[in-house]
file data-v3.cif (mmCIF, N, CA and C atoms)
data_protein
#
loop_
_atom_site.label_atom_id
_atom_site.label_comp_id
_atom_site.auth_asym_id
_atom_site.auth_seq_id
_atom_site.Cartn_x
_atom_site.Cartn_y
_atom_site.Cartn_z
N MET A 1 -11.91 114.86 238.99
CA MET A 1 -12.31 114.38 240.30
C MET A 1 -11.07 113.91 241.06
N THR A 2 -10.93 114.37 242.29
CA THR A 2 -9.80 113.98 243.12
C THR A 2 -10.13 112.69 243.86
N LEU A 3 -9.19 111.79 243.90
CA LEU A 3 -9.37 110.50 244.56
C LEU A 3 -9.39 110.67 246.07
N THR A 4 -9.87 109.64 246.77
CA THR A 4 -9.90 109.62 248.22
C THR A 4 -9.22 108.34 248.71
N TRP A 5 -8.37 108.50 249.73
CA TRP A 5 -7.69 107.37 250.35
C TRP A 5 -8.73 106.34 250.79
N PRO A 6 -8.53 105.05 250.51
CA PRO A 6 -9.53 104.04 250.88
C PRO A 6 -9.79 104.01 252.39
N ASP A 7 -11.04 104.14 252.78
CA ASP A 7 -11.36 104.17 254.21
C ASP A 7 -11.25 102.80 254.87
N THR A 8 -11.05 101.74 254.09
CA THR A 8 -10.87 100.41 254.66
C THR A 8 -9.44 100.14 255.09
N LEU A 9 -8.52 101.06 254.78
CA LEU A 9 -7.13 100.87 255.19
C LEU A 9 -6.92 101.40 256.61
N PRO A 10 -6.03 100.77 257.37
CA PRO A 10 -5.82 101.20 258.77
C PRO A 10 -5.05 102.51 258.84
N ASN A 11 -5.07 103.11 260.03
CA ASN A 11 -4.29 104.32 260.26
C ASN A 11 -2.79 104.02 260.19
N PRO A 12 -1.99 105.00 259.83
CA PRO A 12 -0.54 104.79 259.80
C PRO A 12 0.01 104.48 261.19
N GLU A 13 1.13 103.77 261.21
CA GLU A 13 1.81 103.48 262.47
C GLU A 13 2.36 104.78 263.05
N ARG A 14 2.28 104.91 264.36
CA ARG A 14 2.77 106.12 265.02
C ARG A 14 4.29 106.16 265.08
N ASN A 15 4.94 105.00 265.24
CA ASN A 15 6.39 105.00 265.44
C ASN A 15 7.20 105.24 264.17
N THR A 16 6.58 105.22 263.00
CA THR A 16 7.32 105.46 261.76
C THR A 16 6.96 106.80 261.13
N TRP A 17 6.01 107.50 261.69
CA TRP A 17 5.53 108.75 261.11
C TRP A 17 6.56 109.85 261.29
N GLN A 18 6.93 110.54 260.20
CA GLN A 18 7.84 111.68 260.25
C GLN A 18 7.34 112.74 259.27
N SER A 19 7.50 113.99 259.67
CA SER A 19 7.05 115.11 258.84
C SER A 19 8.15 116.13 258.72
N GLN A 20 8.33 116.66 257.50
CA GLN A 20 9.34 117.69 257.28
C GLN A 20 8.81 118.69 256.25
N PRO A 21 8.72 119.97 256.65
CA PRO A 21 8.25 120.96 255.68
C PRO A 21 9.29 121.21 254.59
N GLN A 22 8.80 121.56 253.43
CA GLN A 22 9.69 121.93 252.33
C GLN A 22 10.42 123.21 252.72
N ASP A 23 11.68 123.31 252.37
CA ASP A 23 12.46 124.50 252.71
C ASP A 23 12.02 125.64 251.79
N ALA A 24 11.37 126.66 252.37
CA ALA A 24 10.83 127.77 251.59
C ALA A 24 11.75 128.98 251.62
N ARG A 25 12.99 128.75 252.05
CA ARG A 25 13.92 129.87 252.15
C ARG A 25 14.77 129.99 250.89
N LYS A 26 15.15 131.21 250.58
CA LYS A 26 16.07 131.49 249.49
C LYS A 26 17.36 132.01 250.12
N LYS A 27 18.44 131.33 249.83
CA LYS A 27 19.72 131.69 250.42
C LYS A 27 20.27 132.93 249.73
N ARG A 28 20.69 133.91 250.52
CA ARG A 28 21.31 135.12 250.00
C ARG A 28 22.76 135.16 250.46
N GLN A 29 23.64 135.13 249.51
CA GLN A 29 25.07 135.18 249.82
C GLN A 29 25.52 136.63 249.84
N ALA A 30 26.00 137.07 250.98
CA ALA A 30 26.50 138.43 251.11
C ALA A 30 28.00 138.46 250.80
N ASP A 31 28.49 139.63 250.43
CA ASP A 31 29.93 139.77 250.19
C ASP A 31 30.72 139.53 251.47
N THR A 32 30.16 139.99 252.57
CA THR A 32 30.80 139.78 253.87
C THR A 32 29.73 139.41 254.88
N GLY A 33 30.14 138.82 255.95
CA GLY A 33 29.20 138.46 257.00
C GLY A 33 28.51 137.13 256.74
N PRO A 34 27.59 136.80 257.62
CA PRO A 34 26.92 135.50 257.51
C PRO A 34 25.93 135.45 256.35
N THR A 35 25.64 134.25 255.94
CA THR A 35 24.64 134.02 254.90
C THR A 35 23.27 134.42 255.43
N GLY A 36 22.47 135.05 254.59
CA GLY A 36 21.12 135.43 254.97
C GLY A 36 20.10 134.61 254.20
N TYR A 37 18.88 134.65 254.69
CA TYR A 37 17.80 133.92 254.03
C TYR A 37 16.61 134.83 253.84
N GLY A 38 15.93 134.67 252.74
CA GLY A 38 14.69 135.37 252.45
C GLY A 38 13.64 134.36 252.06
N ALA A 39 12.42 134.80 251.90
CA ALA A 39 11.35 133.89 251.53
C ALA A 39 11.41 133.60 250.03
N ARG A 40 11.40 132.31 249.67
CA ARG A 40 11.37 131.90 248.27
C ARG A 40 9.94 131.87 247.77
N PHE A 41 9.03 131.40 248.60
CA PHE A 41 7.61 131.37 248.28
C PHE A 41 6.82 131.35 249.58
N SER A 42 5.54 131.68 249.51
CA SER A 42 4.75 131.84 250.73
C SER A 42 3.95 130.60 251.13
N ALA A 43 3.75 129.67 250.24
CA ALA A 43 3.04 128.44 250.56
C ALA A 43 3.94 127.26 250.21
N TRP A 44 4.13 126.35 251.13
CA TRP A 44 5.03 125.23 250.88
C TRP A 44 4.37 123.93 251.26
N SER A 45 4.88 122.87 250.67
CA SER A 45 4.35 121.54 250.94
C SER A 45 5.09 120.92 252.12
N THR A 46 4.58 119.81 252.58
CA THR A 46 5.20 119.06 253.67
C THR A 46 5.40 117.62 253.20
N ASN A 47 6.60 117.08 253.43
CA ASN A 47 6.88 115.69 253.10
C ASN A 47 6.65 114.85 254.35
N VAL A 48 5.83 113.83 254.22
CA VAL A 48 5.49 112.97 255.36
C VAL A 48 5.85 111.53 255.01
N SER A 49 6.66 110.90 255.87
CA SER A 49 6.99 109.49 255.73
C SER A 49 6.12 108.71 256.70
N LEU A 50 5.56 107.61 256.23
CA LEU A 50 4.70 106.81 257.09
C LEU A 50 4.65 105.38 256.63
N SER A 51 4.05 104.54 257.44
CA SER A 51 3.87 103.14 257.07
C SER A 51 2.55 102.64 257.63
N VAL A 52 2.02 101.63 256.98
CA VAL A 52 0.80 100.97 257.43
C VAL A 52 1.04 99.47 257.45
N VAL A 53 0.46 98.79 258.43
CA VAL A 53 0.52 97.33 258.50
C VAL A 53 -0.81 96.81 257.96
N LEU A 54 -0.73 95.91 256.98
CA LEU A 54 -1.90 95.49 256.22
C LEU A 54 -2.09 93.98 256.24
N THR A 55 -3.35 93.57 256.21
CA THR A 55 -3.68 92.16 255.97
C THR A 55 -3.53 91.89 254.48
N ARG A 56 -3.71 90.67 254.07
CA ARG A 56 -3.64 90.32 252.65
C ARG A 56 -4.68 91.11 251.85
N ASP A 57 -5.92 91.20 252.36
CA ASP A 57 -6.97 91.94 251.65
C ASP A 57 -6.65 93.43 251.57
N GLU A 58 -6.18 94.00 252.68
CA GLU A 58 -5.83 95.43 252.70
C GLU A 58 -4.65 95.71 251.77
N LYS A 59 -3.71 94.77 251.68
CA LYS A 59 -2.58 94.93 250.76
C LYS A 59 -3.08 95.04 249.33
N ALA A 60 -4.05 94.22 248.97
CA ALA A 60 -4.61 94.27 247.61
C ALA A 60 -5.30 95.61 247.37
N ILE A 61 -6.00 96.12 248.37
CA ILE A 61 -6.66 97.43 248.24
C ILE A 61 -5.62 98.53 248.05
N PHE A 62 -4.55 98.50 248.88
CA PHE A 62 -3.49 99.50 248.77
C PHE A 62 -2.82 99.42 247.40
N ASP A 63 -2.45 98.22 246.98
CA ASP A 63 -1.77 98.05 245.69
C ASP A 63 -2.63 98.56 244.53
N ASN A 64 -3.91 98.24 244.55
CA ASN A 64 -4.81 98.73 243.48
C ASN A 64 -4.95 100.24 243.52
N PHE A 65 -5.04 100.81 244.73
CA PHE A 65 -5.15 102.26 244.85
C PHE A 65 -3.91 102.94 244.29
N TYR A 66 -2.73 102.45 244.66
CA TYR A 66 -1.48 103.05 244.19
C TYR A 66 -1.30 102.84 242.68
N ARG A 67 -1.42 101.61 242.24
CA ARG A 67 -1.09 101.27 240.85
C ARG A 67 -2.12 101.77 239.85
N PHE A 68 -3.38 101.55 240.12
CA PHE A 68 -4.40 101.86 239.13
C PHE A 68 -5.11 103.20 239.38
N ASP A 69 -5.63 103.39 240.60
CA ASP A 69 -6.35 104.63 240.89
C ASP A 69 -5.43 105.85 240.80
N CYS A 70 -4.26 105.74 241.43
CA CYS A 70 -3.30 106.86 241.43
C CYS A 70 -2.30 106.80 240.28
N ALA A 71 -2.51 105.89 239.35
CA ALA A 71 -1.64 105.77 238.16
C ALA A 71 -0.17 105.70 238.57
N ALA A 72 0.14 104.72 239.43
CA ALA A 72 1.50 104.49 239.93
C ALA A 72 2.04 105.72 240.67
N GLY A 73 1.17 106.38 241.42
CA GLY A 73 1.59 107.48 242.27
C GLY A 73 1.62 108.85 241.62
N THR A 74 1.01 109.02 240.45
CA THR A 74 1.09 110.30 239.75
C THR A 74 -0.13 111.20 239.96
N ARG A 75 -1.19 110.70 240.57
CA ARG A 75 -2.41 111.49 240.75
C ARG A 75 -2.58 111.96 242.19
N LEU A 76 -3.22 113.10 242.35
CA LEU A 76 -3.51 113.64 243.67
C LEU A 76 -4.65 112.86 244.33
N PHE A 77 -4.64 112.86 245.67
CA PHE A 77 -5.73 112.23 246.41
C PHE A 77 -5.88 112.90 247.77
N TYR A 78 -7.07 112.75 248.34
CA TYR A 78 -7.32 113.21 249.70
C TYR A 78 -7.07 112.07 250.66
N MET A 79 -6.41 112.39 251.77
CA MET A 79 -6.10 111.39 252.79
C MET A 79 -6.44 111.98 254.15
N PRO A 80 -7.07 111.20 255.05
CA PRO A 80 -7.32 111.73 256.39
C PRO A 80 -6.00 112.10 257.06
N ASP A 81 -5.96 113.26 257.71
CA ASP A 81 -4.78 113.69 258.44
C ASP A 81 -4.63 112.82 259.68
N PRO A 82 -3.61 111.94 259.74
CA PRO A 82 -3.51 111.02 260.87
C PRO A 82 -3.21 111.70 262.20
N THR A 83 -2.79 112.96 262.18
CA THR A 83 -2.51 113.67 263.43
C THR A 83 -3.74 114.38 263.98
N THR A 84 -4.83 114.41 263.21
CA THR A 84 -6.02 115.15 263.62
C THR A 84 -7.31 114.36 263.44
N ASP A 85 -7.50 113.77 262.28
CA ASP A 85 -8.77 113.14 261.92
C ASP A 85 -9.12 111.99 262.87
N GLY A 86 -10.33 112.05 263.44
CA GLY A 86 -10.81 110.99 264.29
C GLY A 86 -10.42 111.12 265.76
N TRP A 87 -9.61 112.10 266.10
CA TRP A 87 -9.22 112.30 267.50
C TRP A 87 -10.30 113.11 268.20
N PRO A 88 -10.52 112.88 269.50
CA PRO A 88 -11.57 113.63 270.20
C PRO A 88 -11.19 115.09 270.39
N MET A 89 -12.19 115.96 270.32
CA MET A 89 -12.01 117.38 270.61
C MET A 89 -11.96 117.51 272.13
N LEU A 90 -10.96 118.25 272.64
CA LEU A 90 -10.75 118.34 274.08
C LEU A 90 -11.00 119.74 274.62
N THR A 91 -11.36 119.81 275.89
CA THR A 91 -11.49 121.08 276.58
C THR A 91 -10.09 121.54 276.98
N SER A 92 -9.99 122.72 277.56
CA SER A 92 -8.68 123.26 277.95
C SER A 92 -8.01 122.41 279.03
N ASP A 93 -8.79 121.64 279.80
CA ASP A 93 -8.17 120.78 280.82
C ASP A 93 -8.01 119.34 280.35
N GLY A 94 -8.18 119.09 279.03
CA GLY A 94 -7.91 117.77 278.46
C GLY A 94 -9.05 116.79 278.47
N GLN A 95 -10.23 117.21 278.85
CA GLN A 95 -11.39 116.32 278.86
C GLN A 95 -12.09 116.37 277.51
N PRO A 96 -12.60 115.23 277.02
CA PRO A 96 -13.28 115.24 275.72
C PRO A 96 -14.60 116.01 275.78
N LEU A 97 -14.87 116.76 274.72
CA LEU A 97 -16.16 117.42 274.57
C LEU A 97 -17.18 116.38 274.12
N LEU A 98 -18.36 116.42 274.72
CA LEU A 98 -19.38 115.41 274.43
C LEU A 98 -20.64 116.06 273.88
N THR A 99 -21.38 115.30 273.08
CA THR A 99 -22.69 115.74 272.63
C THR A 99 -23.67 115.57 273.79
N SER A 100 -24.91 115.99 273.60
CA SER A 100 -25.91 115.84 274.66
C SER A 100 -26.20 114.37 274.97
N GLU A 101 -25.87 113.49 274.03
CA GLU A 101 -26.05 112.04 274.25
C GLU A 101 -24.81 111.39 274.88
N GLY A 102 -23.77 112.19 275.14
CA GLY A 102 -22.55 111.65 275.75
C GLY A 102 -21.54 111.08 274.77
N VAL A 103 -21.73 111.33 273.48
CA VAL A 103 -20.80 110.84 272.45
C VAL A 103 -19.71 111.89 272.24
N PRO A 104 -18.43 111.47 272.23
CA PRO A 104 -17.36 112.45 272.03
C PRO A 104 -17.43 113.10 270.65
N LEU A 105 -17.14 114.41 270.60
CA LEU A 105 -17.02 115.11 269.33
C LEU A 105 -15.63 114.82 268.77
N LEU A 106 -15.56 114.44 267.50
CA LEU A 106 -14.29 114.09 266.88
C LEU A 106 -13.85 115.16 265.89
N LEU A 107 -12.55 115.37 265.84
CA LEU A 107 -11.98 116.31 264.87
C LEU A 107 -11.97 115.68 263.49
N SER A 108 -12.01 116.52 262.49
CA SER A 108 -11.96 116.04 261.11
C SER A 108 -11.00 116.91 260.32
N ALA A 109 -10.09 116.29 259.62
CA ALA A 109 -9.13 117.02 258.78
C ALA A 109 -8.63 116.08 257.70
N ARG A 110 -8.34 116.62 256.54
CA ARG A 110 -7.79 115.80 255.47
C ARG A 110 -6.72 116.56 254.74
N TRP A 111 -5.85 115.81 254.10
CA TRP A 111 -4.75 116.36 253.32
C TRP A 111 -5.05 116.19 251.83
N LEU A 112 -4.62 117.14 251.03
CA LEU A 112 -4.52 116.95 249.59
C LEU A 112 -3.08 116.56 249.35
N CYS A 113 -2.85 115.39 248.81
CA CYS A 113 -1.48 114.92 248.70
C CYS A 113 -1.27 114.05 247.47
N SER A 114 -0.02 113.71 247.25
CA SER A 114 0.37 112.76 246.22
C SER A 114 1.46 111.89 246.81
N PHE A 115 1.71 110.75 246.20
CA PHE A 115 2.82 109.92 246.65
C PHE A 115 4.11 110.67 246.35
N GLY A 116 5.08 110.56 247.25
CA GLY A 116 6.33 111.30 247.14
C GLY A 116 7.39 110.56 246.36
N ASP A 117 8.65 110.94 246.60
CA ASP A 117 9.78 110.38 245.87
C ASP A 117 9.97 108.89 246.13
N GLN A 118 9.73 108.45 247.35
CA GLN A 118 9.90 107.04 247.68
C GLN A 118 8.64 106.27 247.31
N VAL A 119 8.76 105.38 246.35
CA VAL A 119 7.62 104.54 246.02
C VAL A 119 7.40 103.57 247.18
N PRO A 120 6.19 103.04 247.35
CA PRO A 120 5.94 102.16 248.49
C PRO A 120 6.88 100.95 248.51
N VAL A 121 7.44 100.72 249.70
CA VAL A 121 8.32 99.57 249.94
C VAL A 121 7.55 98.60 250.81
N GLU A 122 7.62 97.32 250.45
CA GLU A 122 6.85 96.30 251.16
C GLU A 122 7.77 95.38 251.94
N SER A 123 7.37 95.07 253.17
CA SER A 123 8.08 94.06 253.96
C SER A 123 7.03 93.20 254.67
N ILE A 124 7.45 92.05 255.13
CA ILE A 124 6.54 91.11 255.79
C ILE A 124 6.64 91.30 257.29
N VAL A 125 5.47 91.32 257.95
CA VAL A 125 5.39 91.45 259.39
C VAL A 125 4.75 90.17 259.91
N GLY A 126 5.46 89.43 260.75
CA GLY A 126 4.90 88.17 261.24
C GLY A 126 4.72 87.20 260.08
N GLN A 127 3.62 86.47 260.11
CA GLN A 127 3.37 85.46 259.09
C GLN A 127 2.37 85.90 258.02
N VAL A 128 1.44 86.77 258.39
CA VAL A 128 0.34 87.05 257.47
C VAL A 128 0.06 88.53 257.27
N GLN A 129 0.98 89.41 257.66
CA GLN A 129 0.75 90.83 257.47
C GLN A 129 1.90 91.45 256.69
N PHE A 130 1.63 92.61 256.12
CA PHE A 130 2.59 93.31 255.29
C PHE A 130 2.71 94.76 255.76
N ARG A 131 3.92 95.28 255.75
CA ARG A 131 4.13 96.70 256.07
C ARG A 131 4.47 97.42 254.78
N LYS A 132 3.70 98.44 254.47
CA LYS A 132 3.99 99.31 253.32
C LYS A 132 4.55 100.61 253.89
N THR A 133 5.76 100.96 253.49
CA THR A 133 6.41 102.19 253.91
C THR A 133 6.50 103.09 252.68
N PHE A 134 6.09 104.35 252.84
CA PHE A 134 6.06 105.27 251.70
C PHE A 134 6.04 106.69 252.21
N ASN A 135 6.16 107.64 251.32
CA ASN A 135 5.99 109.04 251.72
C ASN A 135 4.99 109.71 250.81
N VAL A 136 4.38 110.76 251.37
CA VAL A 136 3.43 111.56 250.61
C VAL A 136 3.87 113.02 250.70
N VAL A 137 3.51 113.78 249.69
CA VAL A 137 3.71 115.22 249.68
C VAL A 137 2.35 115.84 249.98
N VAL A 138 2.27 116.58 251.08
CA VAL A 138 1.02 117.23 251.49
C VAL A 138 1.06 118.65 250.97
N TYR A 139 0.07 119.00 250.17
CA TYR A 139 0.03 120.31 249.55
C TYR A 139 -0.63 121.33 250.46
N PRO A 140 -0.22 122.62 250.33
CA PRO A 140 -0.80 123.66 251.19
C PRO A 140 -2.28 123.90 250.88
#
call {"tool": "encode", "arguments": {"input": "data-v3.cif", "output": "structure tokens"}}
result
Amino acid sequence: MTLTWPDTLPNPERNTWQSQPQDARKKRQADTGPTGYGARFSAWSTNVSLSVVLTRDEKAIFDNFYRFDCAAGTRLFYMPDPTTDGWPMLTSDGQPLLTSEGVPLLLSARWLCSFGDQVPVESIVGQVQFRKTFNVVVYP
């Protein structure tokens, strides 16, 4: 059974979010001329760096999820895609699509991922909040 990111945790901060695809190229060294590249593999992962600001209770939930549920970051889990999940579906002119009751239709997307090379780093924000900075590997 694959784990699911706790829905009680807040969305990642927008100003710290960074994404970088894995380099899927294979370098070919020619005898003469410039270096060429070919495909090493057809499906690649994406490394995403992000952070969340947490209350004391949310910090305990995050710590338990990382340490115990994910076995210190070694198990896969599903996480809502912060660039898509929960955002309104828009028309071509940027207006939200609505149901017949006037409720916006929301997009839904999730990632299959694991914690990446950087284990979560904790810092204090203000007096009573904590920032957890970490990266995840998003699988194709």
call {"tool": "atom_distance", "arguments": {"input": "data-v3.cif", "atom1": "atom N of A:Thr83", "atom2": "atom C of A:Gly38"}}
result
28.8 Å
call {"tool": "resolve_selection", "arguments": {"input": "data-v3.cif", "expression": "the PyMOL selection byres (((chain A and resi 53 and name CA) around 7) and name CA)", "output": "list of chain:residue names"}}
result
A:Ser51, A:Val52, A:Leu54, A:Gln129, A:Phe130, A:Arg131, A:Lys132
call {"tool": "atom_distance", "arguments": {"input": "data-v3.cif", "atom1": "atom CA of A:Thr99", "atom2": "atom CA of A:Thr84"}}
result
19.0 Å
call {"tool": "closest_residue", "arguments": {"input": "data-v3.cif", "among": "A:Lys59, A:Asn64, A:Lys26, A:Pro82", "to": "A:Pro12", "atoms": "only N, CA and C atoms"}}
result
A:Pro82
call {"tool": "resolve_selection", "arguments": {"input": "data-v3.cif", "expression": "the PyMOL selection byres ((chain A and resi 80) around 5)", "output": "short mmCIF file (atom, residue, chain, number, x, y, z; two decimals) with N, CA and C atoms, in the coordinates of the input"}}
result
data_model
loop_
_atom_site.label_atom_id
_atom_site.label_comp_id
_atom_site.auth_asym_id
_atom_site.auth_seq_id
_atom_site.Cartn_x
_atom_site.Cartn_y
_atom_site.Cartn_z
N TYR A 78 -7.07 112.75 248.34
CA TYR A 78 -7.32 113.21 249.70
C TYR A 78 -7.07 112.07 250.66
N MET A 79 -6.41 112.39 251.77
CA MET A 79 -6.10 111.39 252.79
C MET A 79 -6.44 111.98 254.15
N ASP A 81 -5.96 113.26 257.71
CA ASP A 81 -4.78 113.69 258.44
C ASP A 81 -4.63 112.82 259.68
N PRO A 82 -3.61 111.94 259.74
CA PRO A 82 -3.51 111.02 260.87
C PRO A 82 -3.21 111.70 262.20
N ALA A 109 -10.09 116.29 259.62
CA ALA A 109 -9.13 117.02 258.78
C ALA A 109 -8.63 116.08 257.70
N ARG A 110 -8.34 116.62 256.54
CA ARG A 110 -7.79 115.80 255.47
C ARG A 110 -6.72 116.56 254.74
N TRP A 111 -5.85 115.81 254.10
CA TRP A 111 -4.75 116.36 253.32
C TRP A 111 -5.05 116.19 251.83
#
call {"tool": "select_by_dssp", "arguments": {"input": "data-v3.cif", "residues": "chain A", "states": "strand (DSSP E or B)", "output": "tab-separated table (two decimals) with N, CA and C atoms, in the frame of the given file"}}
result
chain	number	residue	atom	x	y	z
A	3	LEU	N	-9.19	111.79	243.90
A	3	LEU	CA	-9.37	110.50	244.56
A	3	LEU	C	-9.39	110.67	246.07
A	4	THR	N	-9.87	109.64	246.77
A	4	THR	CA	-9.90	109.62	248.22
A	4	THR	C	-9.22	108.34	248.71
A	18	GLN	N	6.93	110.54	260.20
A	18	GLN	CA	7.84	111.68	260.25
A	18	GLN	C	7.34	112.74	259.27
A	19	SER	N	7.50	113.99	259.67
A	19	SER	CA	7.05	115.11	258.84
A	19	SER	C	8.15	116.13	258.72
A	20	GLN	N	8.33	116.66	257.50
A	20	GLN	CA	9.34	117.69	257.28
A	20	GLN	C	8.81	118.69	256.25
A	21	PRO	N	8.72	119.97	256.65
A	21	PRO	CA	8.25	120.96	255.68
A	21	PRO	C	9.29	121.21	254.59
A	25	ARG	N	12.99	128.75	252.05
A	25	ARG	CA	13.92	129.87	252.15
A	25	ARG	C	14.77	129.99	250.89
A	26	LYS	N	15.15	131.21	250.58
A	26	LYS	CA	16.07	131.49	249.49
A	26	LYS	C	17.36	132.01	250.12
A	27	LYS	N	18.44	131.33	249.83
A	27	LYS	CA	19.72	131.69	250.42
A	27	LYS	C	20.27	132.93	249.73
A	28	ARG	N	20.69	133.91	250.52
A	28	ARG	CA	21.31	135.12	250.00
A	28	ARG	C	22.76	135.16	250.46
A	36	GLY	N	22.47	135.05	254.59
A	36	GLY	CA	21.12	135.43	254.97
A	36	GLY	C	20.10	134.61	254.20
A	37	TYR	N	18.88	134.65	254.69
A	37	TYR	CA	17.80	133.92	254.03
A	37	TYR	C	16.61	134.83	253.84
A	38	GLY	N	15.93	134.67	252.74
A	38	GLY	CA	14.69	135.37	252.45
A	38	GLY	C	13.64	134.36	252.06
A	39	ALA	N	12.42	134.80	251.90
A	39	ALA	CA	11.35	133.89	251.53
A	39	ALA	C	11.41	133.60	250.03
A	46	THR	N	4.58	119.81	252.58
A	46	THR	CA	5.20	119.06	253.67
A	46	THR	C	5.40	117.62	253.20
A	47	ASN	N	6.60	117.08	253.43
A	47	ASN	CA	6.88	115.69	253.10
A	47	ASN	C	6.65	114.85	254.35
A	48	VAL	N	5.83	113.83	254.22
A	48	VAL	CA	5.49	112.97	255.36
A	48	VAL	C	5.85	111.53	255.01
A	49	SER	N	6.66	110.90	255.87
A	49	SER	CA	6.99	109.49	255.73
A	49	SER	C	6.12	108.71	256.70
A	50	LEU	N	5.56	107.61	256.23
A	50	LEU	CA	4.70	106.81	257.09
A	50	LEU	C	4.65	105.38	256.63
A	51	SER	N	4.05	104.54	257.44
A	51	SER	CA	3.87	103.14	257.07
A	51	SER	C	2.55	102.64	257.63
A	52	VAL	N	2.02	101.63	256.98
A	52	VAL	CA	0.80	100.97	257.43
A	52	VAL	C	1.04	99.47	257.45
A	53	VAL	N	0.46	98.79	258.43
A	53	VAL	CA	0.52	97.33	258.50
A	53	VAL	C	-0.81	96.81	257.96
A	54	LEU	N	-0.73	95.91	256.98
A	54	LEU	CA	-1.90	95.49	256.22
A	54	LEU	C	-2.09	93.98	256.24
A	77	PHE	N	-4.64	112.86	245.67
A	77	PHE	CA	-5.73	112.23	246.41
A	77	PHE	C	-5.88	112.90	247.77
A	78	TYR	N	-7.07	112.75	248.34
A	78	TYR	CA	-7.32	113.21	249.70
A	78	TYR	C	-7.07	112.07	250.66
A	79	MET	N	-6.41	112.39	251.77
A	79	MET	CA	-6.10	111.39	252.79
A	79	MET	C	-6.44	111.98	254.15
A	80	PRO	N	-7.07	111.20	255.05
A	80	PRO	CA	-7.32	111.73	256.39
A	80	PRO	C	-6.00	112.10	257.06
A	88	PRO	N	-10.52	112.88	269.50
A	88	PRO	CA	-11.57	113.63	270.20
A	88	PRO	C	-11.19	115.09	270.39
A	90	LEU	N	-10.96	118.25	272.64
A	90	LEU	CA	-10.75	118.34	274.08
A	90	LEU	C	-11.00	119.74	274.62
A	96	PRO	N	-12.60	115.23	277.02
A	96	PRO	CA	-13.28	115.24	275.72
A	96	PRO	C	-14.60	116.01	275.78
A	98	LEU	N	-18.36	116.42	274.72
A	98	LEU	CA	-19.38	115.41	274.43
A	98	LEU	C	-20.64	116.06	273.88
A	104	PRO	N	-18.43	111.47	272.23
A	104	PRO	CA	-17.36	112.45	272.03
A	104	PRO	C	-17.43	113.10	270.65
A	106	LEU	N	-15.56	114.44	267.50
A	106	LEU	CA	-14.29	114.09	266.88
A	106	LEU	C	-13.85	115.16	265.89
A	110	ARG	N	-8.34	116.62	256.54
A	110	ARG	CA	-7.79	115.80	255.47
A	110	ARG	C	-6.72	116.56	254.74
A	111	TRP	N	-5.85	115.81	254.10
A	111	TRP	CA	-4.75	116.36	253.32
A	111	TRP	C	-5.05	116.19	251.83
A	112	LEU	N	-4.62	117.14	251.03
A	112	LEU	CA	-4.52	116.95	249.59
A	112	LEU	C	-3.08	116.56	249.35
A	113	CYS	N	-2.85	115.39	248.81
A	113	CYS	CA	-1.48	114.92	248.70
A	113	CYS	C	-1.27	114.05	247.47
A	114	SER	N	-0.02	113.71	247.25
A	114	SER	CA	0.37	112.76	246.22
A	114	SER	C	1.46	111.89	246.81
A	115	PHE	N	1.71	110.75	246.20
A	115	PHE	CA	2.82	109.92	246.65
A	115	PHE	C	4.11	110.67	246.35
A	121	VAL	N	7.44	100.72	249.70
A	121	VAL	CA	8.32	99.57	249.94
A	121	VAL	C	7.55	98.60	250.81
A	122	GLU	N	7.62	97.32	250.45
A	122	GLU	CA	6.85	96.30	251.16
A	122	GLU	C	7.77	95.38	251.94
A	123	SER	N	7.37	95.07	253.17
A	123	SER	CA	8.08	94.06	253.96
A	123	SER	C	7.03	93.20	254.67
A	124	ILE	N	7.45	92.05	255.13
A	124	ILE	CA	6.54	91.11	255.79
A	124	ILE	C	6.64	91.30	257.29
A	125	VAL	N	5.47	91.32	257.95
A	125	VAL	CA	5.39	91.45	259.39
A	125	VAL	C	4.75	90.17	259.91
A	129	GLN	N	0.98	89.41	257.66
A	129	GLN	CA	0.75	90.83	257.47
A	129	GLN	C	1.90	91.45	256.69
A	130	PHE	N	1.63	92.61	256.12
A	130	PHE	CA	2.59	93.31	255.29
A	130	PHE	C	2.71	94.76	255.76
A	131	ARG	N	3.92	95.28	255.75
A	131	ARG	CA	4.13	96.70	256.07
A	131	ARG	C	4.47	97.42	254.78
A	132	LYS	N	3.70	98.44	254.47
A	132	LYS	CA	3.99	99.31	253.32
A	132	LYS	C	4.55	100.61	253.89
A	133	THR	N	5.76	100.96	253.49
A	133	THR	CA	6.41	102.19	253.91
A	133	THR	C	6.50	103.09	252.68
A	134	PHE	N	6.09	104.35	252.84
A	134	PHE	CA	6.06	105.27	251.70
A	134	PHE	C	6.04	106.69	252.21
A	135	ASN	N	6.16	107.64	251.32
A	135	ASN	CA	5.99	109.04	251.72
A	135	ASN	C	4.99	109.71	250.81
A	136	VAL	N	4.38	110.76	251.37
A	136	VAL	CA	3.43	111.56	250.61
A	136	VAL	C	3.87	113.02	250.70
A	137	VAL	N	3.51	113.78	249.69
A	137	VAL	CA	3.71	115.22	249.68
A	137	VAL	C	2.35	115.84	249.98
A	138	VAL	N	2.27	116.58	251.08
A	138	VAL	CA	1.02	117.23	251.49
A	138	VAL	C	1.06	118.65	250.97
call {"tool": "resolve_selection", "arguments": {"input": "data-v3.cif", "expression": "the PyMOL selection byres ((chain A and resi 122) around 6)", "output": "short mmCIF file (atom, residue, chain, number, x, y, z; two decimals) with N, CA and C atoms, keeping the file's coordinate frame"}}
result
data_model
loop_
_atom_site.label_atom_id
_atom_site.label_comp_id
_atom_site.auth_asym_id
_atom_site.auth_seq_id
_atom_site.Cartn_x
_atom_site.Cartn_y
_atom_site.Cartn_z
N PRO A 120 6.19 103.04 247.35
CA PRO A 120 5.94 102.16 248.49
C PRO A 120 6.88 100.95 248.51
N VAL A 121 7.44 100.72 249.70
CA VAL A 121 8.32 99.57 249.94
C VAL A 121 7.55 98.60 250.81
N SER A 123 7.37 95.07 253.17
CA SER A 123 8.08 94.06 253.96
C SER A 123 7.03 93.20 254.67
N ILE A 124 7.45 92.05 255.13
CA ILE A 124 6.54 91.11 255.79
C ILE A 124 6.64 91.30 257.29
N ARG A 131 3.92 95.28 255.75
CA ARG A 131 4.13 96.70 256.07
C ARG A 131 4.47 97.42 254.78
N LYS A 132 3.70 98.44 254.47
CA LYS A 132 3.99 99.31 253.32
C LYS A 132 4.55 100.61 253.89
N THR A 133 5.76 100.96 253.49
CA THR A 133 6.41 102.19 253.91
C THR A 133 6.50 103.09 252.68
#
